[in-house]
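Student: One structure, pasted below without further comment.
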Amino acid sequence: MTIKTVQTTPFSDQKPGTSGLRKKVTVFQQKNYAENFLQSIFDSLEGFAGETLVIGGDGRFYNREVIQLAIRMAAANGFGRVLVGRGGILSTPAASHLIRKNKAFGGIVLSASHNPGGPDGDFGIKYNIGNGGPAPEKITEAIFARSRTIDSYRIADAPDVNLDAEGSREVAGMTVTVIDPVADYAELMEELFDFDAIRALLSGGFRIVFDAMSAVTGPYAKEILENRLGAAKGSVLNFMPLPDFGGHHPDPNLVHAHALYETMMGDDAPDFGAASDGDGDRNLIIGKGIFVTPSDSLAMLAANAHLAPGYSKGLAGIARSMPTSGAADRVAEKMGIAIYETPTGWKFFGNLLDAGLATICGEESAGTGSSHVREKDGLWAVLLWLNILAMRRESVKDIARQHWATYGRNYYSRHDYEEVDTTAANDLVAALRGQLSTLAGTVFGALRIRAADDFAYHDPVDRSVSEHQGIRLLFEDGSRVVFRLSGTGTTGATLRVYIERFEPDPARHDLDTQEALADLIAVADDVAGIRRRTGRDAPSVIT
Ligand code: G1P
Ligand code: ZN
C-alpha cells in the first residue's frame with residue numbers, strides 16, 4: 001500500500017464558523033476541497049502518531065464519501081487507529097463520548113447539524129479535541145490559517161473500508177474498527193439515569209412521542225426509549241436516518257417540528273413530546289399542552305437534576321450562552337452555585353466543564369448538555385426530563401408553572417431573518433456598534449436603556465478573550481435585546497435577534513410570548529433599523 005502526496009492549491013473560504021466548516025455539498029464536492037480541509041486539520045495538530053481518531057457523521061448525503069477520505073488521510077498522516085460508527089453513523093454526543101471513553105486524540109464529526117441535507121443541501125466537517133469537545137478557537141484559527149497556504153495533502157492508496165460490517169481491518173498500517181454506534185452511548189445513559197424509574201413511568205400509561213426527524217438519533221432513540229425503557233412501539237417517529245432527512249429541515253423547533261407541536265397541543269396529546277436535530281445534539285421539549293423554551297428547559301433541568309442518579313450530588317455550576325435567557329441564573333442564585341455566561345457555540349463550555357466549574361450547560365438554540373460529554377446532547381435532555389417526570393409524577397405543565405411561581409418567568413423569543421443580503425446585515429451590525437456609546441439613557445415609552453455593549457468573553461480558565469460576540473441592549477427593568485449574525489449559515493447572512501423580559505408576577509405568567517415582548521420587539525427594530533436595512537417585514541423563523 002502506498003502513501004501518496006498530492007499537490008493542491010488553497011481555497012480561501014475554509015474558515016470554521018460557530019461549529020466547524022459548513023458549506024453546500026456542491027462546495028465540498030469541488031476537487032480537493034474536503035482533502036484540503038482535512039489536511040489543514042492534521043497539519044494544525046501535533047503528537048498524534050500512533051494515536052486513535054474517532055470518525056462519524058449524521059448520515060447525510062456525502063457522509064460516506066468523506067469518511068472514506070478521512071480514513072485514508074488519517075492513515076497517511078500517521079494515526080494508529082480509527083474508530084468509525086457502523087454505516088458511518090455517530091451522533092455528535094456519541095462521538096464526543098467515544099473520544100473520551102477511548103482516550104482518543106480527537107475526532108472528525110461530519111455534520112451540518114440542523115441544516116438541510118441532500119445533493120443541494122449542506123455538509124460540514126468539525127474537529128473535536130481529546131476532551132471530546134469542539135476544537136477551541138486557537139485550533140480553528142490555526143486550521144484556517146493552514147488552509148490558506150496548503151500546497152499538498154497525504155492520502156493512502158487503499159480501497160474503501162466496508163462501513164457496514166463491524167470489526168477491525170487494516171488500512172495502510174492503521175487499524176480501522178467499525179463499531180456499533182449506539183451501544184457505548186446507551187450504556188452511558190444507563191449510568192446517568194434511573195432507567196427502572198423511567199420504565200415504571202412508561203409502563204404506567206405515561207405516553208411519549210419522539211420525532212427523530214429522519215436524522216441520526218433514530219437508532220439511538222429506538223434502542224433507548226423503546227427497547228430499553230419500554231416505551232410503546234411506534235413512540236419513536238421518523239427513526240430511519242435518511243441522506244436528505246426526507247426532504248425536511250432537521251431542526252427541532254416549532255416551525256420544522258410543527259406536526260409534533262400540533263400533536264402535543266391536541267386533545268388526545270401524549271404526556272411528553274420531544275425531537276432532536278440532524279446530528280442529535282439539539283432537543284425540543286413539549287409537554288401536553290405546553291412548549292418549554294430551551295432557556296426554560298435549561299433552568300428546569302438544572303433545578304431538578306438532583307433527582308437523577310448521575311447528578312444526585314448536585315451541580316458545580318451552570319453555564320449558558322450569552323443570548324440564552326437568564327432563567328438559569330435565578331436557579332443558580334437560589335442554589336448558591338456559579339453561573340457562567342459564554343459566547344454562542346458549545347466550544348466555549350469545554351474549559352468550564354474540564355475545570356469542574358460547571359456541570360450543566362445550555363443554549364437558547366435548543367442545546368442542553370452536561371459534563372458527561374463535551375457536546376450538547378439531545379437524547380440526554382429527553383432522558384433527564386423523563387427521569388424528573390418519573391420522580392415527580394407531575395405533568396410538564398405543572399412543573400413549569402411551579403418553576404415560574406418560584407423563580408419568576410423569563411419571557412423569551414428569538415427572531416431570525418434568514419438569507420439576508422450579507423452587506424446589509426454587516427452594515428446593520430456596524431451601525432449598531434456605532435451607536436453603542438450613545439444608547440445608554442435612551443427612553444422608548446416605558447423602557448429605558450441602561451447599557452449597550454458588544455459582548456466580550458474572558459475565559460476564566462485559559463484567560464483567552466473572544467470579542468464581538470453580540471450587541472446587547474440592556475434595559476433598566478432587566479429586559480434585554482441581543483443582536484448577532486449567525487456563524488453557521490451557508491447562504492447570505494442570518495440576523496438573530498434575541499428578546500427577553502423577566503416577569504416575577506405569577507398572575508402574569510400566562511401571556512402570549514410575542515405579546516409580552518411586543519414593545520421590546522418594536523425597540524429592536526427602531527434601534528437597528530431591521531425592516532429598513534433588510535427589506536424584511538417579518539422574521540423568517542420565530543422560536
Ligand atoms: C447556532 C446556534 C448556536 C449553536 C450553533 C451550533 O449558531 O445559535 O447556539 O451552538 O448553531 O448548533 P449560529 O448560527 O447562531 O452561529
Ligand atoms: Zn446539531
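Following the order of the C-alpha cells, chains are lettered A, B, ..., residues in each are numbered from 1, and ligands are numbered from 1.
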Show which residues sit within 9 Å of segment 64-72 of chain A, as a VMD selection string. Count only C-alpha atoms, and ignore same-chain residues fewer than 5 positions away.
Tutor: chain A and resid 34 to 35 38 55 to 57 59 77 82 84 87 to 88 108 110 154 to 161 163 171 to 172 176
Student: Please run DSSP on the backbone and report, as a PyMOL selection string, all residues within segment 234-419 of chain A that come out as helix (DSSP H, G or I).
Tutor: chain A and resi 245-247+258-265+294-307+309-311+327-335+346-354+378-392+396-407
Student: For Arg81 of chain A, which of A:Val373, A:Val6, A:Val482, A:Val178 is the closest residue, counting only C-alpha atoms?
Tutor: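 Ranking A:Val373, A:Val6, A:Val482, A:Val178 by distance to Arg81 of chain A, first place goes to A:Val178.
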Student: Residues up to 6 Å from ligand 2, counting only C-alpha atoms and all ligand atoms: could you list those as a PyMOL selection string?
Tutor: chain A and resi 113-114+277-282
Student: Could you list, as an MDAnalysis selection string, all the residues within 9 Å of ligand 1, counting only C-alpha atoms and all ligand atoms?
Tutor: chainID A and resid 17:20 112:114 281:282 321 323:324 343:347 362:367 376 484:489 494:496
Student: Keeping N, CA, C and O atoms, export the residues of the selection given above as a short mmCIF file (atom, residue, chain, number, x, y, z; two decimals), in the first residue's frame.
Tutor:
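For reference, again_10.cif as written:
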data_model
loop_
_atom_site.label_atom_id
_atom_site.label_comp_id
_atom_site.auth_asym_id
_atom_site.auth_seq_id
_atom_site.Cartn_x
_atom_site.Cartn_y
_atom_site.Cartn_z
N GLY A 17 -16.81 28.06 11.32
CA GLY A 17 -17.75 29.01 11.94
C GLY A 17 -18.06 28.62 13.37
O GLY A 17 -17.21 28.08 14.09
N THR A 18 -19.30 28.88 13.80
CA THR A 18 -19.69 28.57 15.18
C THR A 18 -19.42 27.10 15.50
O THR A 18 -19.08 26.75 16.62
N SER A 19 -19.58 26.24 14.50
CA SER A 19 -19.46 24.81 14.76
C SER A 19 -18.85 24.10 13.55
O SER A 19 -19.53 23.36 12.85
N GLY A 20 -17.59 24.34 13.30
CA GLY A 20 -16.91 23.67 12.20
C GLY A 20 -17.13 24.35 10.86
O GLY A 20 -17.72 25.42 10.77
N ALA A 112 -23.80 18.90 9.29
CA ALA A 112 -24.17 20.31 9.22
C ALA A 112 -25.37 20.49 10.13
O ALA A 112 -26.26 21.31 9.88
N SER A 113 -25.38 19.67 11.19
CA SER A 113 -26.36 19.80 12.27
C SER A 113 -27.81 19.84 11.76
O SER A 113 -28.25 18.91 11.12
N HIS A 114 -28.47 20.95 12.00
CA HIS A 114 -29.89 21.07 11.68
C HIS A 114 -30.12 21.61 10.27
O HIS A 114 -31.26 21.83 9.88
N ASP A 281 -27.66 16.57 18.60
CA ASP A 281 -27.23 17.32 19.78
C ASP A 281 -28.28 18.32 20.28
O ASP A 281 -28.17 18.81 21.40
N ARG A 282 -29.28 18.62 19.46
CA ARG A 282 -30.32 19.56 19.93
C ARG A 282 -31.54 18.81 20.46
O ARG A 282 -31.73 17.64 20.14
N SER A 321 -25.05 30.23 27.17
CA SER A 321 -24.53 31.20 26.21
C SER A 321 -25.19 32.54 26.48
O SER A 321 -26.30 32.61 27.01
N PRO A 323 -26.77 34.83 24.70
CA PRO A 323 -28.14 35.14 24.28
C PRO A 323 -29.23 34.31 24.99
O PRO A 323 -30.40 34.63 24.91
N THR A 324 -28.84 33.22 25.65
CA THR A 324 -29.81 32.39 26.37
C THR A 324 -30.41 33.18 27.52
O THR A 324 -29.71 33.98 28.16
N PRO A 343 -19.89 33.05 25.07
CA PRO A 343 -20.39 33.36 23.73
C PRO A 343 -21.17 32.18 23.15
O PRO A 343 -21.09 31.06 23.66
N THR A 344 -21.88 32.44 22.08
CA THR A 344 -22.63 31.39 21.39
C THR A 344 -21.69 30.31 20.86
O THR A 344 -20.64 30.62 20.32
N GLY A 345 -22.09 29.06 21.01
CA GLY A 345 -21.28 27.94 20.50
C GLY A 345 -20.80 27.06 21.63
O GLY A 345 -20.32 27.55 22.65
N TRP A 346 -20.94 25.75 21.43
CA TRP A 346 -20.63 24.82 22.53
C TRP A 346 -19.16 24.82 22.90
O TRP A 346 -18.78 24.47 24.01
N LYS A 347 -18.29 25.21 21.95
CA LYS A 347 -16.85 25.12 22.23
C LYS A 347 -16.45 25.94 23.45
O LYS A 347 -15.46 25.63 24.10
N GLY A 362 -26.19 25.16 28.66
CA GLY A 362 -27.28 25.23 27.70
C GLY A 362 -27.25 26.47 26.84
O GLY A 362 -26.67 27.50 27.21
N GLU A 363 -27.90 26.33 25.69
CA GLU A 363 -28.05 27.44 24.76
C GLU A 363 -29.52 27.56 24.37
O GLU A 363 -30.23 26.55 24.29
N GLU A 364 -29.92 28.79 24.07
CA GLU A 364 -31.31 29.03 23.68
C GLU A 364 -31.67 28.31 22.39
O GLU A 364 -32.85 28.15 22.08
N SER A 365 -30.66 27.90 21.62
CA SER A 365 -30.90 27.26 20.34
C SER A 365 -31.17 25.77 20.49
O SER A 365 -30.78 24.97 19.65
N ALA A 366 -31.82 25.39 21.57
CA ALA A 366 -32.24 24.00 21.78
C ALA A 366 -31.07 23.08 22.10
O ALA A 366 -31.10 21.90 21.75
N GLY A 367 -30.04 23.63 22.73
CA GLY A 367 -28.91 22.80 23.12
C GLY A 367 -28.79 22.74 24.62
O GLY A 367 -28.78 23.77 25.29
N LYS A 376 -23.38 19.31 23.24
CA LYS A 376 -24.75 19.27 23.72
C LYS A 376 -25.35 17.93 23.31
O LYS A 376 -24.83 17.26 22.43
N ARG A 484 -27.06 39.40 16.84
CA ARG A 484 -25.80 38.85 16.33
C ARG A 484 -26.05 38.19 14.98
O ARG A 484 -27.19 37.87 14.63
N LEU A 485 -24.98 38.00 14.23
CA LEU A 485 -25.10 37.31 12.95
C LEU A 485 -24.72 35.85 13.15
O LEU A 485 -23.77 35.55 13.86
N SER A 486 -25.47 34.97 12.51
CA SER A 486 -25.20 33.54 12.62
C SER A 486 -23.84 33.19 12.05
O SER A 486 -23.38 33.80 11.08
N GLY A 487 -23.21 32.19 12.67
CA GLY A 487 -21.94 31.69 12.15
C GLY A 487 -22.08 30.29 11.60
O GLY A 487 -21.10 29.57 11.47
N THR A 488 -23.30 29.86 11.29
CA THR A 488 -23.50 28.50 10.77
C THR A 488 -24.20 28.47 9.42
O THR A 488 -24.31 27.41 8.82
N GLY A 489 -24.70 29.59 8.97
CA GLY A 489 -25.47 29.58 7.71
C GLY A 489 -24.56 29.38 6.52
O GLY A 489 -23.33 29.52 6.61
N THR A 494 -27.59 35.49 8.26
CA THR A 494 -28.78 35.33 9.10
C THR A 494 -28.62 36.24 10.31
O THR A 494 -27.63 36.13 11.05
N LEU A 495 -29.58 37.15 10.44
CA LEU A 495 -29.57 38.04 11.61
C LEU A 495 -30.43 37.39 12.69
O LEU A 495 -31.57 37.01 12.45
N ARG A 496 -29.85 37.26 13.88
CA ARG A 496 -30.63 36.72 15.00
C ARG A 496 -30.87 37.85 16.00
O ARG A 496 -29.92 38.56 16.38
#
Student: Enumerate the residues of segment 208-255 of chain A with a DSSP assignment of strand (DSSP E), computed from the backbone, and present them as a list in words.
Tutor: Ile208, Val209, Phe210, Asp211, Val236 and Leu237 of chain A
Student: When you look at Ala302 of chain A with a cut-off of 9 Å (counting only C-alpha atoms), what residues show up, excluding the ones that are within fewer than 6 positions of it in the same chain? I need them as a list in words.
Tutor: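 In the requested form, the answer reads Leu315, Ile318, Ala328, Val331, Ala332, Ile360 and Cys361 of chain A.
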Student: Can I get the selection written as a JSON list (two decimals), in the first residue's frame, with N, CA and C atoms?
Tutor:
[["chain", "number", "residue", "atom", "x", "y", "z"],
["A", 315, "LEU", "N", -24.96, 20.22, 41.52],
["A", 315, "LEU", "CA", -24.25, 20.79, 40.38],
["A", 315, "LEU", "C", -23.13, 21.69, 40.86],
["A", 318, "ILE", "N", -23.63, 26.31, 36.63],
["A", 318, "ILE", "CA", -24.40, 26.25, 35.38],
["A", 318, "ILE", "C", -23.76, 27.24, 34.41],
["A", 328, "ALA", "N", -31.85, 30.44, 33.97],
["A", 328, "ALA", "CA", -30.93, 29.56, 34.71],
["A", 328, "ALA", "C", -30.17, 30.33, 35.79],
["A", 331, "VAL", "N", -31.96, 30.11, 39.03],
["A", 331, "VAL", "CA", -31.81, 28.80, 39.69],
["A", 331, "VAL", "C", -30.44, 28.74, 40.38],
["A", 332, "ALA", "N", -29.42, 29.17, 39.64],
["A", 332, "ALA", "CA", -28.06, 29.14, 40.21],
["A", 332, "ALA", "C", -28.00, 29.98, 41.48],
["A", 360, "ILE", "N", -23.86, 21.63, 34.21],
["A", 360, "ILE", "CA", -24.89, 21.66, 33.18],
["A", 360, "ILE", "C", -24.74, 22.93, 32.35],
["A", 361, "CYS", "N", -24.90, 22.79, 31.04],
["A", 361, "CYS", "CA", -24.74, 23.93, 30.14],
["A", 361, "CYS", "C", -25.93, 23.99, 29.19]]
Student: Using only C-alpha atoms, determine which residues lie at most 12 Å from segment 353-357 of chain A, disregarding the query and same-chain residues fewer than 4 positions distant; provide the list as a ChimeraX atom specification.
Tutor: /A:100,130-133,315-319,337-340,346-349,361,369-376,459-462
Student: Restrict the selected residues to C-alpha atoms and save them as a JSON list (two decimals), in the first residue's frame.
Tutor:
[["chain", "number", "residue", "atom", "x", "y", "z"],
["A", 100, "ARG", "CA", -13.44, 10.38, 25.88],
["A", 130, "GLY", "CA", -9.25, 14.88, 23.13],
["A", 131, "ASN", "CA", -11.72, 16.10, 25.76],
["A", 132, "GLY", "CA", -14.47, 15.20, 23.27],
["A", 133, "GLY", "CA", -15.46, 18.79, 22.57],
["A", 315, "LEU", "CA", -24.25, 20.79, 40.38],
["A", 316, "ALA", "CA", -20.89, 22.56, 40.47],
["A", 317, "GLY", "CA", -22.24, 25.41, 38.39],
["A", 318, "ILE", "CA", -24.40, 26.25, 35.38],
["A", 319, "ALA", "CA", -23.21, 27.79, 32.12],
["A", 337, "ILE", "CA", -23.76, 27.97, 42.71],
["A", 338, "ALA", "CA", -21.93, 29.87, 39.97],
["A", 339, "ILE", "CA", -23.46, 30.85, 36.63],
["A", 340, "TYR", "CA", -21.21, 31.44, 33.61],
["A", 346, "TRP", "CA", -20.63, 24.82, 22.53],
["A", 347, "LYS", "CA", -16.85, 25.12, 22.23],
["A", 348, "PHE", "CA", -16.87, 27.78, 24.95],
["A", 349, "PHE", "CA", -18.25, 25.36, 27.56],
["A", 361, "CYS", "CA", -24.74, 23.93, 30.14],
["A", 369, "GLY", "CA", -25.87, 19.09, 27.97],
["A", 370, "SER", "CA", -23.65, 18.27, 30.87],
["A", 371, "SER", "CA", -20.22, 17.15, 31.95],
["A", 372, "HIS", "CA", -20.95, 13.60, 30.72],
["A", 373, "VAL", "CA", -19.67, 14.60, 27.24],
["A", 374, "ARG", "CA", -18.32, 17.80, 25.69],
["A", 375, "GLU", "CA", -21.14, 18.40, 23.22],
["A", 376, "LYS", "CA", -24.75, 19.27, 23.72],
["A", 459, "ASP", "CA", -12.43, 32.70, 29.65],
["A", 460, "PRO", "CA", -11.78, 32.17, 33.37],
["A", 461, "VAL", "CA", -9.76, 29.02, 32.70],
["A", 462, "ASP", "CA", -7.34, 29.81, 29.87]]
